[in-house]
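Enquirer: What follows is model_3.cif; its format and atoms are mmCIF, C-alpha atoms.
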data_upload
loop_
_atom_site.label_atom_id
_atom_site.label_comp_id
_atom_site.auth_asym_id
_atom_site.auth_seq_id
_atom_site.Cartn_x
_atom_site.Cartn_y
_atom_site.Cartn_z
CA MET A 1 -42.00 10.97 -50.81
CA ALA A 2 -39.53 13.76 -49.95
CA ARG A 3 -41.65 16.37 -51.72
CA PRO A 4 -44.44 16.71 -49.04
CA SER A 5 -41.74 16.93 -46.38
CA CYS A 6 -40.00 19.73 -48.27
CA PHE A 7 -43.30 21.46 -48.88
CA SER A 8 -44.28 21.31 -45.18
CA SER A 9 -40.84 22.60 -44.18
CA TYR A 10 -41.24 25.44 -46.66
CA MET A 11 -44.66 26.29 -45.23
CA VAL A 12 -43.27 26.33 -41.68
CA ILE A 13 -40.48 28.69 -42.72
CA LEU A 14 -42.95 30.91 -44.59
CA THR A 15 -45.28 31.02 -41.56
CA LEU A 16 -42.41 31.87 -39.22
CA ALA A 17 -41.23 34.62 -41.57
CA PHE A 18 -44.75 36.05 -41.69
CA LEU A 19 -44.97 35.98 -37.90
CA VAL A 20 -41.61 37.76 -37.56
CA ILE A 21 -42.68 40.46 -40.01
CA PHE A 22 -46.11 40.83 -38.43
CA THR A 23 -44.73 40.91 -34.89
CA SER A 24 -42.04 43.45 -35.70
CA HIS A 25 -44.63 45.62 -37.45
CA SER A 26 -47.00 45.38 -34.48
CA SER A 27 -44.29 46.23 -31.96
CA ALA A 28 -43.43 49.31 -33.99
CA LYS A 29 -46.81 50.89 -33.32
CA LEU A 30 -47.12 53.62 -30.72
CA SER A 31 -49.75 53.24 -28.02
CA THR A 32 -51.61 55.58 -25.69
CA ASN A 33 -51.17 53.13 -22.81
CA PHE A 34 -47.50 52.36 -23.40
CA TYR A 35 -46.47 53.38 -19.86
CA SER A 36 -49.63 52.23 -18.07
CA LYS A 37 -47.69 49.59 -16.15
CA SER A 38 -44.03 50.64 -16.45
CA CYS A 39 -44.48 54.33 -15.49
CA PRO A 40 -48.10 55.38 -14.82
CA LYS A 41 -46.93 58.50 -12.94
CA VAL A 42 -45.22 60.02 -15.98
CA PHE A 43 -48.24 62.16 -16.94
CA GLY A 44 -48.52 63.77 -13.52
CA VAL A 45 -44.81 64.57 -13.45
CA VAL A 46 -44.81 66.13 -16.94
CA LYS A 47 -47.96 68.17 -16.28
CA SER A 48 -46.61 69.51 -12.98
CA VAL A 49 -43.35 70.77 -14.49
CA VAL A 50 -45.04 72.21 -17.61
CA GLN A 51 -47.69 73.93 -15.47
CA SER A 52 -44.99 75.55 -13.36
CA ALA A 53 -42.97 76.67 -16.40
CA VAL A 54 -46.01 78.13 -18.21
CA SER A 55 -47.21 79.94 -15.09
CA LYS A 56 -43.83 81.69 -14.94
CA GLU A 57 -43.81 82.47 -18.67
CA ARG A 58 -46.88 81.91 -20.85
CA ARG A 59 -44.73 81.91 -23.98
CA MET A 60 -43.05 78.70 -22.82
CA GLY A 61 -46.23 76.76 -23.68
CA ALA A 62 -45.91 77.81 -27.32
CA SER A 63 -42.19 77.04 -27.25
CA LEU A 64 -42.81 73.46 -26.11
CA VAL A 65 -45.36 72.89 -28.90
CA ARG A 66 -42.84 74.26 -31.41
CA LEU A 67 -40.07 72.07 -29.99
CA PHE A 68 -42.18 69.00 -30.81
CA PHE A 69 -42.76 70.24 -34.37
CA HIS A 70 -39.06 70.94 -34.98
CA ASP A 71 -38.11 67.54 -33.56
CA CYS A 72 -40.61 65.57 -35.64
CA PHE A 73 -39.89 67.28 -38.97
CA VAL A 74 -36.19 66.39 -38.93
CA LYS A 75 -35.86 62.60 -39.30
CA GLY A 76 -38.88 61.89 -37.11
CA CYS A 77 -40.02 62.35 -33.51
CA ASP A 78 -36.88 60.94 -31.92
CA GLY A 79 -35.63 63.60 -29.49
CA SER A 80 -32.64 64.36 -31.73
CA ILE A 81 -33.20 68.11 -31.38
CA LEU A 82 -32.39 67.83 -27.66
CA LEU A 83 -28.82 66.62 -28.22
CA GLU A 84 -26.22 69.31 -27.52
CA ASP A 85 -23.01 69.76 -29.47
CA THR A 86 -19.81 68.25 -28.09
CA SER A 87 -16.21 68.29 -29.35
CA SER A 88 -16.95 65.13 -31.35
CA PHE A 89 -20.63 65.58 -32.14
CA THR A 90 -22.70 68.25 -33.89
CA GLY A 91 -26.42 68.33 -33.18
CA GLU A 92 -29.36 70.24 -34.64
CA GLN A 93 -29.64 73.11 -32.18
CA THR A 94 -27.42 75.46 -34.22
CA ALA A 95 -29.32 74.81 -37.48
CA ARG A 96 -30.83 77.93 -39.05
CA PRO A 97 -34.46 77.16 -38.04
CA ASN A 98 -33.40 76.39 -34.45
CA ASN A 99 -30.50 78.66 -33.54
CA ASN A 100 -31.47 81.35 -31.00
CA SER A 101 -35.05 80.39 -31.74
CA VAL A 102 -36.12 76.97 -30.41
CA ARG A 103 -36.64 76.98 -26.64
CA GLY A 104 -37.80 74.73 -23.82
CA PHE A 105 -34.74 72.51 -23.47
CA ASN A 106 -34.43 73.40 -19.78
CA VAL A 107 -38.06 72.43 -19.14
CA VAL A 108 -37.59 69.05 -20.84
CA ALA A 109 -34.40 68.49 -18.82
CA LYS A 110 -36.27 69.22 -15.60
CA ILE A 111 -39.09 66.84 -16.54
CA LYS A 112 -36.59 64.10 -17.41
CA SER A 113 -34.77 64.51 -14.10
CA ARG A 114 -38.02 64.09 -12.16
CA VAL A 115 -39.26 61.21 -14.29
CA GLU A 116 -35.96 59.37 -13.77
CA LYS A 117 -36.51 59.51 -10.02
CA VAL A 118 -39.92 57.87 -10.42
CA CYS A 119 -39.18 55.42 -13.27
CA PRO A 120 -35.46 55.25 -14.07
CA GLY A 121 -34.56 54.24 -17.61
CA VAL A 122 -38.14 53.84 -18.82
CA VAL A 123 -39.49 57.02 -20.44
CA SER A 124 -37.81 58.45 -23.54
CA CYS A 125 -37.03 62.11 -24.04
CA ALA A 126 -38.90 61.94 -27.36
CA ASP A 127 -42.07 60.92 -25.51
CA ILE A 128 -41.55 63.65 -22.91
CA VAL A 129 -41.48 66.26 -25.69
CA ALA A 130 -44.73 64.82 -27.11
CA ILE A 131 -46.53 64.87 -23.74
CA ALA A 132 -45.23 68.37 -22.90
CA ALA A 133 -46.60 69.70 -26.21
CA ARG A 134 -50.04 68.30 -25.39
CA ASP A 135 -50.00 69.62 -21.82
CA SER A 136 -48.89 73.08 -23.00
CA THR A 137 -51.78 73.20 -25.45
CA VAL A 138 -54.30 72.25 -22.75
CA ILE A 139 -52.89 74.65 -20.13
CA LEU A 140 -53.24 77.56 -22.59
CA GLY A 141 -56.88 76.66 -23.29
CA GLY A 142 -56.53 74.22 -26.16
CA PRO A 143 -57.91 70.71 -26.67
CA PHE A 144 -56.85 67.54 -24.86
CA TRP A 145 -55.86 64.33 -26.64
CA ASN A 146 -54.41 60.99 -25.62
CA VAL A 147 -50.76 61.02 -26.68
CA LYS A 148 -49.47 57.94 -28.46
CA LEU A 149 -46.23 56.81 -26.81
CA GLY A 150 -43.44 54.29 -27.13
CA ARG A 151 -40.87 56.37 -29.03
CA ARG A 152 -37.21 55.81 -28.31
CA ASP A 153 -34.41 58.35 -28.43
CA SER A 154 -32.09 58.80 -31.37
CA LYS A 155 -28.36 58.25 -30.91
CA THR A 156 -27.70 60.68 -33.72
CA ALA A 157 -28.78 64.09 -34.99
CA SER A 158 -28.49 65.78 -38.37
CA LEU A 159 -27.50 69.42 -38.73
CA SER A 160 -27.63 69.09 -42.52
CA ALA A 161 -31.18 67.68 -42.43
CA ALA A 162 -32.31 70.46 -40.08
CA ASN A 163 -30.79 73.00 -42.50
CA SER A 164 -32.23 71.35 -45.62
CA GLY A 165 -35.55 73.22 -45.59
CA VAL A 166 -37.70 70.41 -44.17
CA ILE A 167 -38.76 72.90 -41.48
CA PRO A 168 -40.61 75.54 -43.52
CA PRO A 169 -39.12 79.02 -43.04
CA PRO A 170 -41.32 82.07 -42.27
CA THR A 171 -40.82 83.20 -45.88
CA SER A 172 -42.50 80.05 -47.26
CA THR A 173 -44.94 80.19 -50.14
CA LEU A 174 -48.21 78.26 -49.93
CA SER A 175 -46.96 75.58 -52.32
CA ASN A 176 -43.77 75.21 -50.28
CA LEU A 177 -45.80 74.70 -47.10
CA ILE A 178 -48.09 72.17 -48.77
CA ASN A 179 -45.14 70.22 -50.20
CA ARG A 180 -43.11 70.23 -46.96
CA PHE A 181 -46.04 68.89 -44.95
CA LYS A 182 -46.98 66.40 -47.67
CA SER A 183 -43.44 64.98 -47.55
CA LYS A 184 -44.10 64.12 -43.90
CA GLY A 185 -47.43 62.44 -44.63
CA LEU A 186 -49.50 65.46 -43.58
CA SER A 187 -52.38 66.80 -45.66
CA VAL A 188 -53.25 70.37 -46.57
CA LYS A 189 -55.89 70.30 -43.82
CA ASP A 190 -53.28 69.09 -41.32
CA MET A 191 -50.95 71.90 -42.37
CA VAL A 192 -53.56 74.64 -41.97
CA ALA A 193 -54.72 73.21 -38.62
CA LEU A 194 -51.15 72.90 -37.28
CA SER A 195 -50.46 76.48 -38.40
CA GLY A 196 -53.18 77.40 -35.90
CA SER A 197 -50.64 76.75 -33.14
CA HIS A 198 -49.55 80.30 -34.01
CA THR A 199 -52.52 81.38 -31.92
CA ILE A 200 -49.89 81.32 -29.15
CA GLY A 201 -46.25 82.36 -29.04
CA GLN A 202 -44.06 85.13 -30.40
CA ALA A 203 -41.75 85.69 -33.33
CA ARG A 204 -38.52 87.65 -33.70
CA CYS A 205 -38.38 90.81 -35.78
CA THR A 206 -35.91 89.21 -38.19
CA SER A 207 -38.59 86.71 -39.22
CA PHE A 208 -41.28 89.26 -40.09
CA ARG A 209 -39.38 92.47 -40.98
CA ALA A 210 -39.69 91.94 -44.75
CA ARG A 211 -43.43 91.38 -44.44
CA ILE A 212 -44.27 94.49 -42.41
CA TYR A 213 -42.18 96.80 -44.62
CA ASN A 214 -42.53 95.33 -48.11
CA GLU A 215 -45.77 93.40 -48.48
CA THR A 216 -49.11 94.85 -49.56
CA ASN A 217 -51.50 92.14 -48.30
CA ILE A 218 -51.21 93.49 -44.77
CA ASP A 219 -53.44 95.75 -42.68
CA SER A 220 -51.70 99.15 -42.71
CA SER A 221 -52.28 100.01 -39.05
CA PHE A 222 -51.10 96.54 -38.03
CA ALA A 223 -47.91 96.99 -40.09
CA THR A 224 -47.28 100.45 -38.60
CA THR A 225 -47.66 99.14 -35.06
CA ARG A 226 -45.22 96.29 -35.70
CA GLN A 227 -42.69 98.63 -37.35
CA LYS A 228 -42.37 100.62 -34.12
CA ASN A 229 -40.63 97.71 -32.45
CA CYS A 230 -38.89 96.28 -35.52
CA PRO A 231 -36.71 98.89 -37.24
CA PHE A 232 -35.62 98.70 -40.86
CA PRO A 233 -33.01 97.78 -41.89
CA GLY A 234 -31.51 95.23 -39.50
CA PRO A 235 -29.63 93.93 -37.69
CA LYS A 236 -30.76 96.40 -35.02
CA GLY A 237 -33.91 95.04 -33.38
CA ASP A 238 -33.51 91.55 -34.89
CA ASN A 239 -34.43 89.85 -31.62
CA LYS A 240 -37.34 92.11 -30.69
CA LEU A 241 -40.48 90.04 -30.21
CA ALA A 242 -44.08 90.38 -31.39
CA PRO A 243 -47.06 88.10 -30.74
CA LEU A 244 -48.07 85.78 -33.57
CA ASP A 245 -51.71 86.35 -32.59
CA VAL A 246 -52.33 90.06 -32.11
CA GLN A 247 -55.68 89.50 -30.34
CA THR A 248 -55.10 86.79 -27.71
CA PRO A 249 -51.37 85.97 -27.77
CA THR A 250 -51.35 83.65 -24.75
CA ALA A 251 -54.67 81.86 -25.27
CA PHE A 252 -55.20 78.86 -27.53
CA ASP A 253 -58.21 79.78 -29.65
CA ASN A 254 -59.19 80.39 -33.28
CA LYS A 255 -58.36 84.12 -33.35
CA TYR A 256 -55.29 83.36 -35.49
CA TYR A 257 -57.59 82.59 -38.43
CA LYS A 258 -59.66 85.72 -37.85
CA ASN A 259 -56.41 87.69 -37.97
CA LEU A 260 -55.55 86.19 -41.36
CA ILE A 261 -58.92 87.24 -42.79
CA SER A 262 -58.17 90.77 -41.51
CA GLN A 263 -54.71 90.62 -43.15
CA LYS A 264 -53.02 90.65 -39.75
CA GLY A 265 -50.90 87.53 -40.14
CA LEU A 266 -47.48 88.32 -38.68
CA LEU A 267 -45.39 86.00 -40.83
CA HIS A 268 -45.45 85.75 -44.60
CA SER A 269 -46.03 82.00 -44.13
CA ASP A 270 -49.11 82.82 -42.04
CA GLN A 271 -50.78 85.21 -44.46
CA VAL A 272 -50.25 82.94 -47.50
CA LEU A 273 -52.89 80.66 -45.96
CA PHE A 274 -55.45 83.37 -46.73
CA ASN A 275 -54.39 85.17 -49.87
CA GLY A 276 -56.71 84.03 -52.65
CA GLY A 277 -55.35 80.48 -52.71
CA SER A 278 -56.56 76.94 -52.13
CA THR A 279 -56.52 77.20 -48.33
CA ASP A 280 -58.78 80.26 -48.01
CA SER A 281 -61.85 78.12 -47.41
CA LEU A 282 -60.20 76.20 -44.54
CA VAL A 283 -59.15 79.45 -42.89
CA ARG A 284 -62.74 80.71 -43.15
CA THR A 285 -64.05 77.44 -41.67
CA TYR A 286 -61.69 77.57 -38.69
CA SER A 287 -62.39 81.26 -38.11
CA ARG A 288 -66.12 80.51 -37.83
CA ASN A 289 -66.03 77.12 -36.14
CA PRO A 290 -63.58 76.72 -33.22
CA LYS A 291 -64.77 73.16 -32.56
CA THR A 292 -63.78 72.09 -36.07
CA PHE A 293 -60.39 73.73 -35.66
CA ARG A 294 -59.77 72.03 -32.32
CA SER A 295 -60.78 68.64 -33.68
CA ASP A 296 -58.62 68.96 -36.80
CA PHE A 297 -55.71 70.26 -34.73
CA VAL A 298 -55.83 67.17 -32.50
CA THR A 299 -55.95 64.87 -35.53
CA ALA A 300 -52.96 66.65 -37.08
CA MET A 301 -50.91 66.62 -33.85
CA ILE A 302 -51.44 62.87 -33.49
CA LYS A 303 -50.43 62.33 -37.13
CA MET A 304 -47.34 64.50 -36.68
CA GLY A 305 -46.39 62.44 -33.62
CA ASP A 306 -46.41 59.35 -35.86
CA ILE A 307 -43.62 60.64 -38.12
CA ASP A 308 -40.84 58.01 -38.25
CA PRO A 309 -40.53 57.15 -34.55
CA LEU A 310 -37.81 54.80 -33.30
CA THR A 311 -39.45 51.87 -31.51
CA GLY A 312 -38.71 48.43 -30.13
CA SER A 313 -34.95 47.98 -29.84
CA GLN A 314 -34.09 50.98 -32.03
CA GLY A 315 -32.29 53.94 -30.47
CA GLU A 316 -32.08 54.16 -26.69
CA ILE A 317 -33.71 55.63 -23.60
CA ARG A 318 -31.43 58.53 -22.71
CA LYS A 319 -30.61 59.16 -19.06
CA ILE A 320 -30.03 62.85 -19.79
CA CYS A 321 -31.91 64.30 -22.75
CA SER A 322 -29.06 66.49 -23.99
CA LYS A 323 -26.53 63.61 -24.11
CA ARG A 324 -26.32 60.20 -25.67
CA ASN A 325 -25.85 57.39 -23.16
#
Show me the file's structure as structure tokens.

Expert:
Amino acid sequence: MARPSCFSSYMVILTLAFLVIFTSHSSAKLSTNFYSKSCPKVFGVVKSVVQSAVSKERRMGASLVRLFFHDCFVKGCDGSILLEDTSSFTGEQTARPNNNSVRGFNVVAKIKSRVEKVCPGVVSCADIVAIAARDSTVILGGPFWNVKLGRRDSKTASLSAANSGVIPPPTSTLSNLINRFKSKGLSVKDMVALSGSHTIGQARCTSFRARIYNETNIDSSFATTRQKNCPFPGPKGDNKLAPLDVQTPTAFDNKYYKNLISQKGLLHSDQVLFNGGSTDSLVRTYSRNPKTFRSDFVTAMIKMGDIDPLTGSQGEIRKICSKRN
């Protein structure tokens, strides 16, 4: 007679275990309406600060998109890149891909300060970075998308992970790019579409010097023009800037892909997308069809925002983005 009792107890335990697993999995999902009740004003605050920053310096829009990318690729979209070094803590800002390169920290800090006045202790810095990247894209003429939210902020950062090559360097080969993005759950199409964010922004001479002096798959007049402001050898001129998109450097459009077809990609990692390899056809498609590019870019940005977020009770909601609570 004890057997049915044991069996029913076992079934109850199994059901409860299933519910716990299912509930924890559900709560881990990001949502576009995460702040609809707790902080509905967050979008207006972020947009206002980003609009002001981009109106003062168009390049800042590109920098905020890049900040999101560099945050997500190192241990997920968790705001870890925002943490500054202290005497007892080393963050990611001095890592090779970030040092003297990643920008926009001051804009994020300003947004956070204003959001805290409206909804204290509610909105994460990781989510602010995600919204700011979307708003920057839109302000510069790119597509709009509903940002999935609910990320929490990391209490840690990893200099070694940021230095490990997970963020593809400007010298990357096509296979390196494909593999780096694949390791983050992003397809070849996602990679080529996200590379289109180089339709805005600028790069430092040190990141393209080797290309403009040594490579042959480059338009000669384009190379000559870039050499005027990027002397060889370095380190003189290392920090001189050039637009990633020679045609419309402050407008989000599909000219980046047209540049690649004309062999006017600024970085080696740009031109490898159109150099007789497997991604040539995608570059051609995006160069001819801006709607397809915009649609695929949105899909890829949403997927990138899903990389290993901290949710639920993980991490924290920082009061100041550059410091752990």

Enquirer: Tell me which protein, DNA and RNA residues are within 9 Å of segment 300-314 of chain A, counting all atoms listed in the file, leaving out same-chain ones fewer than 4 positions away, and put them as a ChimeraX atom specification.

Expert: /A:24,27-30,68-69,72-73,75-78,126,130,134,145-154,184-187,189-191,193-194,295-296

Enquirer: How would the residues just chosen look if you wrote them out with C-alpha atoms as a PDB file, in the coordinates of the input?

Expert:
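The result, written out as part.pdb:
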ATOM      1  CA  SER A  24     -42.040  43.450 -35.700  1.00  0.00           C
ATOM      2  CA  SER A  27     -44.290  46.230 -31.960  1.00  0.00           C
ATOM      3  CA  ALA A  28     -43.430  49.310 -33.990  1.00  0.00           C
ATOM      4  CA  LYS A  29     -46.810  50.890 -33.320  1.00  0.00           C
ATOM      5  CA  LEU A  30     -47.120  53.620 -30.720  1.00  0.00           C
ATOM      6  CA  PHE A  68     -42.180  69.000 -30.810  1.00  0.00           C
ATOM      7  CA  PHE A  69     -42.760  70.240 -34.370  1.00  0.00           C
ATOM      8  CA  CYS A  72     -40.610  65.570 -35.640  1.00  0.00           C
ATOM      9  CA  PHE A  73     -39.890  67.280 -38.970  1.00  0.00           C
ATOM     10  CA  LYS A  75     -35.860  62.600 -39.300  1.00  0.00           C
ATOM     11  CA  GLY A  76     -38.880  61.890 -37.110  1.00  0.00           C
ATOM     12  CA  CYS A  77     -40.020  62.350 -33.510  1.00  0.00           C
ATOM     13  CA  ASP A  78     -36.880  60.940 -31.920  1.00  0.00           C
ATOM     14  CA  ALA A 126     -38.900  61.940 -27.360  1.00  0.00           C
ATOM     15  CA  ALA A 130     -44.730  64.820 -27.110  1.00  0.00           C
ATOM     16  CA  ARG A 134     -50.040  68.300 -25.390  1.00  0.00           C
ATOM     17  CA  TRP A 145     -55.860  64.330 -26.640  1.00  0.00           C
ATOM     18  CA  ASN A 146     -54.410  60.990 -25.620  1.00  0.00           C
ATOM     19  CA  VAL A 147     -50.760  61.020 -26.680  1.00  0.00           C
ATOM     20  CA  LYS A 148     -49.470  57.940 -28.460  1.00  0.00           C
ATOM     21  CA  LEU A 149     -46.230  56.810 -26.810  1.00  0.00           C
ATOM     22  CA  GLY A 150     -43.440  54.290 -27.130  1.00  0.00           C
ATOM     23  CA  ARG A 151     -40.870  56.370 -29.030  1.00  0.00           C
ATOM     24  CA  ARG A 152     -37.210  55.810 -28.310  1.00  0.00           C
ATOM     25  CA  ASP A 153     -34.410  58.350 -28.430  1.00  0.00           C
ATOM     26  CA  SER A 154     -32.090  58.800 -31.370  1.00  0.00           C
ATOM     27  CA  LYS A 184     -44.100  64.120 -43.900  1.00  0.00           C
ATOM     28  CA  GLY A 185     -47.430  62.440 -44.630  1.00  0.00           C
ATOM     29  CA  LEU A 186     -49.500  65.460 -43.580  1.00  0.00           C
ATOM     30  CA  SER A 187     -52.380  66.800 -45.660  1.00  0.00           C
ATOM     31  CA  LYS A 189     -55.890  70.300 -43.820  1.00  0.00           C
ATOM     32  CA  ASP A 190     -53.280  69.090 -41.320  1.00  0.00           C
ATOM     33  CA  MET A 191     -50.950  71.900 -42.370  1.00  0.00           C
ATOM     34  CA  ALA A 193     -54.720  73.210 -38.620  1.00  0.00           C
ATOM     35  CA  LEU A 194     -51.150  72.900 -37.280  1.00  0.00           C
ATOM     36  CA  SER A 295     -60.780  68.640 -33.680  1.00  0.00           C
ATOM     37  CA  ASP A 296     -58.620  68.960 -36.800  1.00  0.00           C
TER      38      ASP A 296
END

Enquirer: Which residues would end up in the selection if the PyMOL selection byres ((chain A and resi 163) around 10) were applied here, given that I need the answer as an NGL selection string?

Expert: :A and (74 or 92 or 94-98 or 158-162 or 164-167)

Enquirer: Quick one: residues within 12 Å of Thr250 of chain A, all atoms listed in the file, excluding same-chain residues fewer than 5 positions away - as a PyMOL selection string?

Expert: chain A and resi 54-55+57-63+136-142+197-202+242-245+255-256

Enquirer: Report as a ChimeraX atom specification the full result of the PyMOL selection byres ((chain A and resi 267-274) around 10) when it is applied to this structure.

Expert: /A:168-177,191-192,195-196,198,203,205,207-212,215,217-218,244,256-257,259-266,275-284

Enquirer: Every residue with an atom at most 8 Å from (-37.5, 78.7, -26.7) (file coordinates; only C-alpha atoms) is what I'm after, so could you write them as a list in words?

Expert: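 Residues with an atom at most 8 Å from (-37.5, 78.7, -26.7): Met60, Ser63, Leu64, Leu67, Asn100, Ser101, Val102, Arg103, Gly104 and Phe105 of chain A.
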
Enquirer: Mind giving me the axis-aligned box for segment 243-262 of chain A with 3 Å on every side, centre plus edges in Å to one decimal, as JSON?

Expert:
{"center_x": -53.4, "center_y": 84.8, "center_z": -33.8, "size_x": 18.6, "size_y": 17.9, "size_z": 24.0}

Enquirer: For Leu241 of chain A, which of A:Thr224, A:Thr216, A:Thr206, A:Ser87 is the closest residue, counting all atoms listed in the file?

Expert: A:Thr206

Enquirer: Please evaluate the PyMOL selection byres ((chain A and resi 323) around 10) against the structure above and give the resulting residues as a VMD selection string.

Expert: chain A and resid 80 82 to 86 155 318 to 322 324 to 325

Enquirer: What does the structure give for the distance between atom CA of Lys228 of chain A and atom CA of Lys240 of chain A, in Å to one decimal?

Expert: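 So the answer is 10.5 Å.
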
Enquirer: Have a look at atom CA of Phe144 of chain A and atom CA of Lys258 of chain A and let me know their distance in Å, one decimal.

Expert: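 According to the coordinates, atom CA of Phe144 of chain A and atom CA of Lys258 of chain A are separated by 22.5 Å.
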
Enquirer: Could you check which of A:Val118, A:Ala157, A:Tyr35, A:Thr225 is closest to Gln93 of chain A, using all atoms listed in the file?

Expert: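 Closest to Gln93 of chain A of all the choices is A:Ala157.
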
Enquirer: So that I can check the surroundings of Ile128 of chain A, please list as a list in words every protein, DNA and RNA residue that reaches within 9 Å of it, counting only C-alpha atoms and ignoring chain neighbours fewer than 2 positions away.

Expert: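 So the residues in contact are Val42, Val46, Gly79, Val108, Ile111, Lys112, Val123, Ser124, Cys125, Ala126, Ala130, Ile131, Ala132 and Ala133 of chain A.
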
Enquirer: At what distance in Å, to one decimal, does atom CA of Gln51 of chain A lie from atom CA of Asn106 of chain A?

Expert: 14.0 Å

Enquirer: Take segment 106-119 of chain A, model N, CA, C and O atoms, and hand the result over as a PDB file, keeping the file's coordinate frame.

Expert:
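Once everything was written out, this is part.pdb:
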ATOM      1  N   ASN A 106     -34.576  73.462 -21.250  1.00  0.00           N
ATOM      2  CA  ASN A 106     -34.430  73.400 -19.780  1.00  0.00           C
ATOM      3  C   ASN A 106     -35.657  72.765 -19.119  1.00  0.00           C
ATOM      4  O   ASN A 106     -35.532  72.054 -18.112  1.00  0.00           O
ATOM      5  N   VAL A 107     -36.829  73.019 -19.689  1.00  0.00           N
ATOM      6  CA  VAL A 107     -38.060  72.430 -19.140  1.00  0.00           C
ATOM      7  C   VAL A 107     -38.053  70.918 -19.346  1.00  0.00           C
ATOM      8  O   VAL A 107     -38.371  70.147 -18.439  1.00  0.00           O
ATOM      9  N   VAL A 108     -37.667  70.487 -20.540  1.00  0.00           N
ATOM     10  CA  VAL A 108     -37.590  69.050 -20.840  1.00  0.00           C
ATOM     11  C   VAL A 108     -36.569  68.373 -19.924  1.00  0.00           C
ATOM     12  O   VAL A 108     -36.814  67.273 -19.406  1.00  0.00           O
ATOM     13  N   ALA A 109     -35.437  69.040 -19.699  1.00  0.00           N
ATOM     14  CA  ALA A 109     -34.400  68.490 -18.820  1.00  0.00           C
ATOM     15  C   ALA A 109     -34.929  68.315 -17.397  1.00  0.00           C
ATOM     16  O   ALA A 109     -34.645  67.306 -16.732  1.00  0.00           O
ATOM     17  N   LYS A 110     -35.700  69.284 -16.949  1.00  0.00           N
ATOM     18  CA  LYS A 110     -36.270  69.220 -15.600  1.00  0.00           C
ATOM     19  C   LYS A 110     -37.283  68.078 -15.495  1.00  0.00           C
ATOM     20  O   LYS A 110     -37.323  67.338 -14.503  1.00  0.00           O
ATOM     21  N   ILE A 111     -38.114  67.938 -16.513  1.00  0.00           N
ATOM     22  CA  ILE A 111     -39.090  66.840 -16.540  1.00  0.00           C
ATOM     23  C   ILE A 111     -38.355  65.500 -16.492  1.00  0.00           C
ATOM     24  O   ILE A 111     -38.698  64.610 -15.704  1.00  0.00           O
ATOM     25  N   LYS A 112     -37.334  65.353 -17.338  1.00  0.00           N
ATOM     26  CA  LYS A 112     -36.590  64.100 -17.410  1.00  0.00           C
ATOM     27  C   LYS A 112     -35.972  63.744 -16.065  1.00  0.00           C
ATOM     28  O   LYS A 112     -36.040  62.586 -15.620  1.00  0.00           O
ATOM     29  N   SER A 113     -35.400  64.736 -15.411  1.00  0.00           N
ATOM     30  CA  SER A 113     -34.770  64.510 -14.100  1.00  0.00           C
ATOM     31  C   SER A 113     -35.783  63.962 -13.095  1.00  0.00           C
ATOM     32  O   SER A 113     -35.496  63.020 -12.348  1.00  0.00           O
ATOM     33  N   ARG A 114     -36.975  64.530 -13.105  1.00  0.00           N
ATOM     34  CA  ARG A 114     -38.020  64.090 -12.160  1.00  0.00           C
ATOM     35  C   ARG A 114     -38.601  62.737 -12.539  1.00  0.00           C
ATOM     36  O   ARG A 114     -38.900  61.918 -11.672  1.00  0.00           O
ATOM     37  N   VAL A 115     -38.744  62.499 -13.836  1.00  0.00           N
ATOM     38  CA  VAL A 115     -39.260  61.210 -14.290  1.00  0.00           C
ATOM     39  C   VAL A 115     -38.269  60.091 -13.949  1.00  0.00           C
ATOM     40  O   VAL A 115     -38.669  58.995 -13.545  1.00  0.00           O
ATOM     41  N   GLU A 116     -36.986  60.375 -14.082  1.00  0.00           N
ATOM     42  CA  GLU A 116     -35.960  59.370 -13.770  1.00  0.00           C
ATOM     43  C   GLU A 116     -36.007  58.942 -12.313  1.00  0.00           C
ATOM     44  O   GLU A 116     -35.683  57.805 -11.979  1.00  0.00           O
ATOM     45  N   LYS A 117     -36.406  59.850 -11.442  1.00  0.00           N
ATOM     46  CA  LYS A 117     -36.510  59.510 -10.020  1.00  0.00           C
ATOM     47  C   LYS A 117     -37.690  58.571  -9.764  1.00  0.00           C
ATOM     48  O   LYS A 117     -37.666  57.754  -8.846  1.00  0.00           O
ATOM     49  N   VAL A 118     -38.725  58.698 -10.585  1.00  0.00           N
ATOM     50  CA  VAL A 118     -39.920  57.870 -10.420  1.00  0.00           C
ATOM     51  C   VAL A 118     -39.795  56.546 -11.175  1.00  0.00           C
ATOM     52  O   VAL A 118     -40.144  55.484 -10.650  1.00  0.00           O
ATOM     53  N   CYS A 119     -39.308  56.618 -12.418  1.00  0.00           N
ATOM     54  CA  CYS A 119     -39.180  55.420 -13.270  1.00  0.00           C
ATOM     55  C   CYS A 119     -37.867  55.483 -14.033  1.00  0.00           C
ATOM     56  O   CYS A 119     -37.856  55.873 -15.202  1.00  0.00           O
TER      57      CYS A 119
END
